[in-house]
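Structure, as structure tokens:
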Amino acid sequence: MNQPEKTLQEGAGARDLQHAAENAVWVFGDRRTEALYGLSLRALNAARGAASSLGGRTVMVLTALERLDESTPPAVEAVPVEEAAEAAAAGGADDVHLYRIPWSGGAPAGALAQALADRIAVLGPRLVVFPLTELGRETAARVSALTGSGLIADCIRLEVEGGRVKARCPAWGGTVTAKIVFADDAVTGLVTVDPYAWMPGGERGAPGLLESFAWEGIQEQGGCTLLEVAAEAERGQSLEEAEVVVVGGAGLGNMEGFGLVRDLAAALGGEVGATRPPVFSRWVEEERLIGQTGKRVHPRLLFSIGTSGAVQYTAGIGEAGTIVAVNRDAEAPIFQVADIGVVADARIFLPHLTEAVQQLTLRRMADALTEAAGGGQGDGFGARFARLRAQYGWSLEALAEATDESPEFIRQVEEGLLTPPVGFLLRFANALKIDPGLFLRQEQKTLLRDLRAQAFVKRTRNYSYQTLSPGAENDHLRAFLITIESRQTHKPVAYKHEGEEFIFVMEGELMLTLGNRAHHLKPGDSRHFNSDIPHKLKSVSNEPTRCLVVLYTP
């Protein structure tokens with residue numbers, strides 16, 4: 001079914017290929033992006049070490065998915081075959097295979113696995129190594145199912161002892177390392193490796209073959225169809241260039257705990273990093289790994305949260321300006337390299353730290369808003385607001401919905417075309433889930449108190465409002481009895497305002513419209529809602545409708 005198309009380069013001299021072929025170690029090369037192919041080259045270095053111990057050759061396997069017709073989305077291949085082959089040879093590959101695979105548009109891993117399984121059956125390599133990426137994991141699992149080969153996952157070290165391949169893999173969140181072997185060494189073994197556990201090789205491979213194989217057809221497994229291919233959205237800044245980095249470690253316990261690191265990074269406008277255990281546990285992407293086999297960072301400020309301080313990690317943060325470490329173990333090595341140390345449970349301490357940062361950020365935004373309202377230049381409320389929106393990953397539409405404004409309103413605020421009211425900042429604080437009273441200055445609190453008093457006076461002057469809490473001009477909580485004439489619409493002081501509202505129907509029937517939804521309330525019925533949702537009241541009975549309304553305003 002498959003046949004060699006051509007030999008592009010042939011090594012000089014006759015060789016005994018039998019032993020080398022039986023003990024060959026293959027590497028799955030991912031050419032979709034330069035970054036992904038870089039991970040394949042790291043995996044190649046792991047394979048080269050194993051092949052050397054086995055006396056076999058190291059083979060980089062490149063793939064090219066070729067569309068059967070124009071209706072199939074094109075496969076993503078950012079690294080040209082020639083460049084990939086040369087990089088593989090420079091990184092230690094003795095041979096390079098190119099598999100040209102007909103593809104009908106199903107799951108790419110399905111076609112790749114079919115081709116690999118076919119060639120494994122013919123050539124019988126000793127080991128096939130896959131970089132630990134999403135495509136690498138899926139393809140390896142499919143090949144294992146097709147060939148009946150054993151699959152060792154998440155390897156960080158490959159060894160050969162007594163002719164047997166042994167893989168070291170982290171377990172229990174990286175706290176222990178398990179040594180795993182294949183049950184049957186006579187069958188091709190499969191292994192996914194953490195590419196960051198190896199550096200790209202610097203020793204060129206022996207002169208060998210660059211061969212291309214083509215298939216007439218591949219029996220793809222059904223059930224999946226690729227709908228579209230899109231480039232990944234660009235990040236605001238790279239981890240290496242970030243001014244602020246927040247690194248999370250095993251001490252955070254689980255993915256939910258690691259989410260606290262993301263919250264702090266968003267509040268600080270920084271980037272998220274990780275030590276090896278969170279990467280192995282899939283709490284964060286591999287590209288966020290910091291350390292000797294990951295990335296080296298040099299931020300102005302670095303938070304190291306729940307990290308022990310192993311030398312493999314600290315090798316990547318040595319150029320940081322100020323290091324703040326949080327660990328509940330006072331003897332943790334990380335405190336030896338930190339400028340500021342906090343002995344605390346990170347899962348308890350981090351929410352308080354994040355809230356304090358958010359309050360400070362909003363405090364400065366409130367100052368900028370006050371200056372803008374007073375004609376001062378300030379640091380630009382719109383620019384600060386735009387940065388904060390970007391830090392939290394909000395779209396214009398999402399933030400508009402959270403603050404009950406239009407996307408155009410948000411855009412004009414960010415561009416400095418209009419100065420929003422203080423109430424907008426309060427709704428924004430509510431979206432961040434923090435108490436706005438903690439960041440407002442006394443004069444701003446006074447302004448809000450005056451606005452509350454004015455609204456109270458306006459309501460008590462309105463014939464339909466009867467105050468049940470006289471003298472409560474400056475109170476946060478006020479009660480009114482509202483009377484709405486039969487079949488009439490209530491004319492409120494404001495259709496939306498800050499705070500919360502509780503309505504209890506005493507007599508008659510009420511149609512309460514909240515946003516776009518209508519609620520028919522009868523005597524004894526009640527509703528509680530945020531007052532910033534546009535709301536309207538109408539009597540739908542033949543007699544006046546009377547309601548108890550309790551308002552809470554900040």
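In the structure tokens, chains take the letters A, B, ... in the order shown, each chain's residues start at 1, and ligands count up from 1 in the order shown.
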Worksheet item: segment 50-64 of chain A: which residues within 7 Å, counting only C-alpha atoms, same-chain residues fewer than 2 positions away excluded, as a ChimeraX atom specification?
Response: /A:19-21,23-29,46-48,66,88,93-101,158-160,163
Those same residues - N, CA, C and O atoms - I'd like them written as a compact mmCIF listing (two decimals), in the first residue's frame.
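Dumped to selection-v4.txt:
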```txt
# COMPACT_ATOMS: atom_id res chain seq x y z
N HIS A 19 20.78 -4.66 12.62
CA HIS A 19 20.76 -4.39 14.06
C HIS A 19 20.30 -2.96 14.34
O HIS A 19 19.50 -2.72 15.25
N ALA A 20 20.80 -2.04 13.54
CA ALA A 20 20.45 -0.63 13.75
C ALA A 20 18.96 -0.39 13.54
O ALA A 20 18.33 0.38 14.25
N ALA A 21 18.38 -1.10 12.53
CA ALA A 21 16.96 -0.91 12.25
C ALA A 21 16.10 -1.48 13.37
O ALA A 21 15.10 -0.88 13.77
N ASN A 23 16.81 -1.71 16.46
CA ASN A 23 16.96 -0.92 17.68
C ASN A 23 16.82 0.58 17.43
O ASN A 23 17.27 1.39 18.25
N ALA A 24 16.24 0.92 16.28
CA ALA A 24 16.06 2.33 15.95
C ALA A 24 15.08 2.99 16.91
O ALA A 24 14.14 2.36 17.41
N VAL A 25 15.31 4.26 17.16
CA VAL A 25 14.40 5.06 17.98
C VAL A 25 13.87 6.19 17.10
O VAL A 25 14.64 7.01 16.60
N TRP A 26 12.55 6.22 16.91
CA TRP A 26 11.92 7.23 16.08
C TRP A 26 11.40 8.37 16.94
O TRP A 26 11.05 8.19 18.12
N VAL A 27 11.29 9.53 16.32
CA VAL A 27 10.74 10.71 16.98
C VAL A 27 9.66 11.31 16.09
O VAL A 27 9.89 11.51 14.88
N PHE A 28 8.52 11.59 16.66
CA PHE A 28 7.42 12.21 15.91
C PHE A 28 7.70 13.71 15.81
O PHE A 28 7.76 14.42 16.81
N GLY A 29 7.87 14.20 14.57
CA GLY A 29 8.16 15.62 14.35
C GLY A 29 6.91 16.40 14.02
O GLY A 29 6.18 16.06 13.08
N ALA A 46 16.34 13.36 23.52
CA ALA A 46 16.03 12.25 24.42
C ALA A 46 16.14 10.92 23.68
O ALA A 46 16.68 9.93 24.20
N ALA A 47 15.65 10.89 22.44
CA ALA A 47 15.70 9.67 21.64
C ALA A 47 17.13 9.30 21.29
O ALA A 47 17.49 8.11 21.27
N ARG A 48 17.96 10.28 21.02
CA ARG A 48 19.34 10.00 20.63
C ARG A 48 20.10 9.30 21.76
O ARG A 48 20.89 8.38 21.51
N GLU A 66 -1.88 15.53 3.02
CA GLU A 66 -2.21 16.04 1.69
C GLU A 66 -3.71 15.89 1.45
O GLU A 66 -4.26 14.77 1.50
N ALA A 88 16.79 18.65 12.02
CA ALA A 88 16.82 17.33 12.65
C ALA A 88 18.21 16.73 12.56
O ALA A 88 18.74 16.17 13.53
N ALA A 93 19.68 13.61 14.44
CA ALA A 93 19.00 12.55 13.71
C ALA A 93 19.95 11.90 12.71
O ALA A 93 20.65 12.58 11.96
N ASP A 94 19.97 10.57 12.71
CA ASP A 94 20.77 9.84 11.72
C ASP A 94 20.01 9.72 10.41
O ASP A 94 20.61 9.75 9.33
N ASP A 95 18.71 9.54 10.49
CA ASP A 95 17.85 9.43 9.31
C ASP A 95 16.64 10.33 9.49
O ASP A 95 16.23 10.63 10.61
N VAL A 96 16.07 10.73 8.37
CA VAL A 96 14.82 11.49 8.39
C VAL A 96 13.85 10.83 7.43
O VAL A 96 14.18 10.58 6.27
N HIS A 97 12.66 10.51 7.90
CA HIS A 97 11.60 9.96 7.06
C HIS A 97 10.53 11.02 6.87
O HIS A 97 10.14 11.70 7.83
N LEU A 98 10.04 11.14 5.65
CA LEU A 98 8.90 12.02 5.36
C LEU A 98 7.74 11.16 4.92
O LEU A 98 7.84 10.44 3.92
N TYR A 99 6.63 11.22 5.65
CA TYR A 99 5.44 10.44 5.31
C TYR A 99 4.41 11.36 4.67
O TYR A 99 3.91 12.30 5.31
N ARG A 100 4.09 11.08 3.41
CA ARG A 100 3.07 11.85 2.70
C ARG A 100 1.76 11.08 2.80
O ARG A 100 1.63 9.98 2.25
N ILE A 101 0.79 11.67 3.52
CA ILE A 101 -0.40 10.93 3.92
C ILE A 101 -1.64 11.57 3.31
O ILE A 101 -1.92 12.75 3.55
N LEU A 158 14.92 8.97 30.08
CA LEU A 158 14.98 7.67 29.43
C LEU A 158 16.32 7.02 29.76
O LEU A 158 17.37 7.65 29.62
N GLU A 159 16.28 5.75 30.14
CA GLU A 159 17.49 5.02 30.45
C GLU A 159 17.44 3.66 29.78
O GLU A 159 16.36 3.15 29.46
N VAL A 160 18.59 3.06 29.57
CA VAL A 160 18.68 1.70 29.07
C VAL A 160 19.56 0.91 30.03
O VAL A 160 20.74 1.24 30.23
N GLY A 163 19.89 -3.72 28.35
CA GLY A 163 19.18 -3.82 27.09
C GLY A 163 17.72 -3.48 27.16
O GLY A 163 17.02 -3.55 26.14
```
Excluding Ile323 of chain A and its own-chain neighbours fewer than 4 positions away, which residues fall within 7 Å of it when counting only C-alpha atoms? Please give them as a VMD selection string.
chain A and resid 301 to 303 338 to 340
Generate a file of the selected residues that holds all heavy atoms, formatted as a PDB file, in the first residue's frame.
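What ended up in again_23.pdb:
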```pdb
ATOM      1  N   LEU A 301       9.609  42.270  38.944  1.00  0.00           N
ATOM      2  CA  LEU A 301       9.016  41.708  40.156  1.00  0.00           C
ATOM      3  C   LEU A 301       8.564  40.287  39.871  1.00  0.00           C
ATOM      4  O   LEU A 301       7.897  40.042  38.864  1.00  0.00           O
ATOM      5  CB  LEU A 301       7.825  42.558  40.603  1.00  0.00           C
ATOM      6  CG  LEU A 301       6.992  42.061  41.795  1.00  0.00           C
ATOM      7  CD1 LEU A 301       7.846  42.005  43.058  1.00  0.00           C
ATOM      8  CD2 LEU A 301       5.776  42.954  42.003  1.00  0.00           C
ATOM      9  N   LEU A 302       8.928  39.354  40.749  1.00  0.00           N
ATOM     10  CA  LEU A 302       8.524  37.959  40.573  1.00  0.00           C
ATOM     11  C   LEU A 302       7.956  37.422  41.876  1.00  0.00           C
ATOM     12  O   LEU A 302       8.573  37.544  42.935  1.00  0.00           O
ATOM     13  CB  LEU A 302       9.710  37.100  40.129  1.00  0.00           C
ATOM     14  CG  LEU A 302       9.382  35.617  39.862  1.00  0.00           C
ATOM     15  CD1 LEU A 302      10.099  35.124  38.612  1.00  0.00           C
ATOM     16  CD2 LEU A 302       9.774  34.736  41.052  1.00  0.00           C
ATOM     17  N   PHE A 303       6.752  36.857  41.802  1.00  0.00           N
ATOM     18  CA  PHE A 303       6.140  36.173  42.930  1.00  0.00           C
ATOM     19  C   PHE A 303       6.328  34.668  42.729  1.00  0.00           C
ATOM     20  O   PHE A 303       5.983  34.138  41.664  1.00  0.00           O
ATOM     21  CB  PHE A 303       4.647  36.494  43.028  1.00  0.00           C
ATOM     22  CG  PHE A 303       4.346  37.838  43.595  1.00  0.00           C
ATOM     23  CD1 PHE A 303       4.334  38.967  42.788  1.00  0.00           C
ATOM     24  CD2 PHE A 303       4.081  37.989  44.948  1.00  0.00           C
ATOM     25  CE1 PHE A 303       4.059  40.219  43.302  1.00  0.00           C
ATOM     26  CE2 PHE A 303       3.800  39.237  45.483  1.00  0.00           C
ATOM     27  CZ  PHE A 303       3.797  40.359  44.664  1.00  0.00           C
ATOM     28  N   ALA A 338      14.948  34.461  47.932  1.00  0.00           N
ATOM     29  CA  ALA A 338      13.902  35.495  47.904  1.00  0.00           C
ATOM     30  C   ALA A 338      14.354  36.762  48.610  1.00  0.00           C
ATOM     31  O   ALA A 338      15.128  36.722  49.573  1.00  0.00           O
ATOM     32  CB  ALA A 338      12.622  34.967  48.547  1.00  0.00           C
ATOM     33  N   ASP A 339      13.884  37.898  48.133  1.00  0.00           N
ATOM     34  CA  ASP A 339      14.124  39.182  48.799  1.00  0.00           C
ATOM     35  C   ASP A 339      13.102  39.401  49.904  1.00  0.00           C
ATOM     36  O   ASP A 339      13.392  40.024  50.918  1.00  0.00           O
ATOM     37  CB  ASP A 339      14.043  40.315  47.768  1.00  0.00           C
ATOM     38  CG  ASP A 339      15.085  40.178  46.675  1.00  0.00           C
ATOM     39  OD1 ASP A 339      16.273  40.383  46.960  1.00  0.00           O
ATOM     40  OD2 ASP A 339      14.700  39.839  45.541  1.00  0.00           O
ATOM     41  N   ILE A 340      11.876  38.913  49.676  1.00  0.00           N
ATOM     42  CA  ILE A 340      10.808  39.016  50.675  1.00  0.00           C
ATOM     43  C   ILE A 340      10.191  37.627  50.816  1.00  0.00           C
ATOM     44  O   ILE A 340       9.858  36.989  49.819  1.00  0.00           O
ATOM     45  CB  ILE A 340       9.726  40.020  50.237  1.00  0.00           C
ATOM     46  CG1 ILE A 340      10.338  41.409  50.034  1.00  0.00           C
ATOM     47  CG2 ILE A 340       8.588  40.076  51.253  1.00  0.00           C
ATOM     48  CD1 ILE A 340       9.373  42.417  49.426  1.00  0.00           C
TER      49      ILE A 340
END
```
Using only C-alpha atoms, can you tell me which of A:Thr419, A:Thr322, A:Thr177, A:Asn327 comes closest to Phe385 of chain A?
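For Phe385 of chain A, the nearest of the given residues is A:Thr419.
Ranking A:Val357, A:Ala107, A:Leu396, A:Val342 by their shortest atom-to-atom distance to Ala266 of chain A, with only C-alpha atoms included, puts A:Val357 first.
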From a DSSP calculation on the backbone, collect every residue of segment 177-414 of chain A in strand (DSSP E) and output the set as a PyMOL selection string. chain A and resi 177-181+189-193+210-215+244-248+271-274+301-305+322-327+340-343
(Q) Can you measure atom CA of Thr192 of chain A to atom CA of Ala153 of chain A for me? One decimal in Å is fine. (A)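 Atom CA of Thr192 of chain A sits 4.9 Å away from atom CA of Ala153 of chain A.
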Suppose you want the space between atom CA of Pro523 of chain A and atom CA of Arg478 of chain A; what is it in Å?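 That distance, rounded to one decimal, is 21.4 Å.
Proximity to Glu414 of chain A at 8 Å, evaluated using only C-alpha atoms and with sequence-adjacent residues fewer than 4 positions away removed, yields Phe381, Gly382, Ala383, Phe385, Ala386 and Ile410 of chain A.
Note that atom CA of Pro170 of chain A and atom CA of Gln336 of chain A are 25.7 Å apart.
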- Message: From a backbone DSSP assignment, name each residue in segment 83-203 of chain A labelled alpha helix (DSSP H), as a PyMOL selection string.
- Response: chain A and resi 83-90+108-123+134-147
Report task. Could you give me, as a list in words, the residues within 9 Å of Glu355 of chain A, counting only C-alpha atoms and dropping anything in the same chain fewer than 4 positions from it? Result ->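 These residues fall inside the cut-off: Leu264, Ala267, Leu350, Pro351, Gln359, Leu360 and Ile434 of chain A.
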With distances taken over only C-alpha atoms, the candidate from A:Ser539, A:Thr307, A:Thr467, A:Thr275 nearest Tyr196 of chain A is A:Thr275
Query raised in the report: Leaving out Ala186 of chain A and any residue of its chain fewer than 2 positions from it, which residues lie within 12 Å of it when counting only C-alpha atoms, given as number ranges by chain?
Result: A: 22-23, 124-127, 149-150, 163-165, 182-184, 188-189
- Nearest residue to Gly92 of chain A from the set A:Val191, A:Ala431, A:Ala43, A:Leu36 (distances using only C-alpha atoms):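 Distance minimum relative to Gly92 of chain A lands on A:Ala43.
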Nearest to Ser541 of chain A, restricted to only C-alpha atoms and choosing among A:Gln466, A:Thr489, A:Asn254, A:Gln412, comes out as A:Thr489
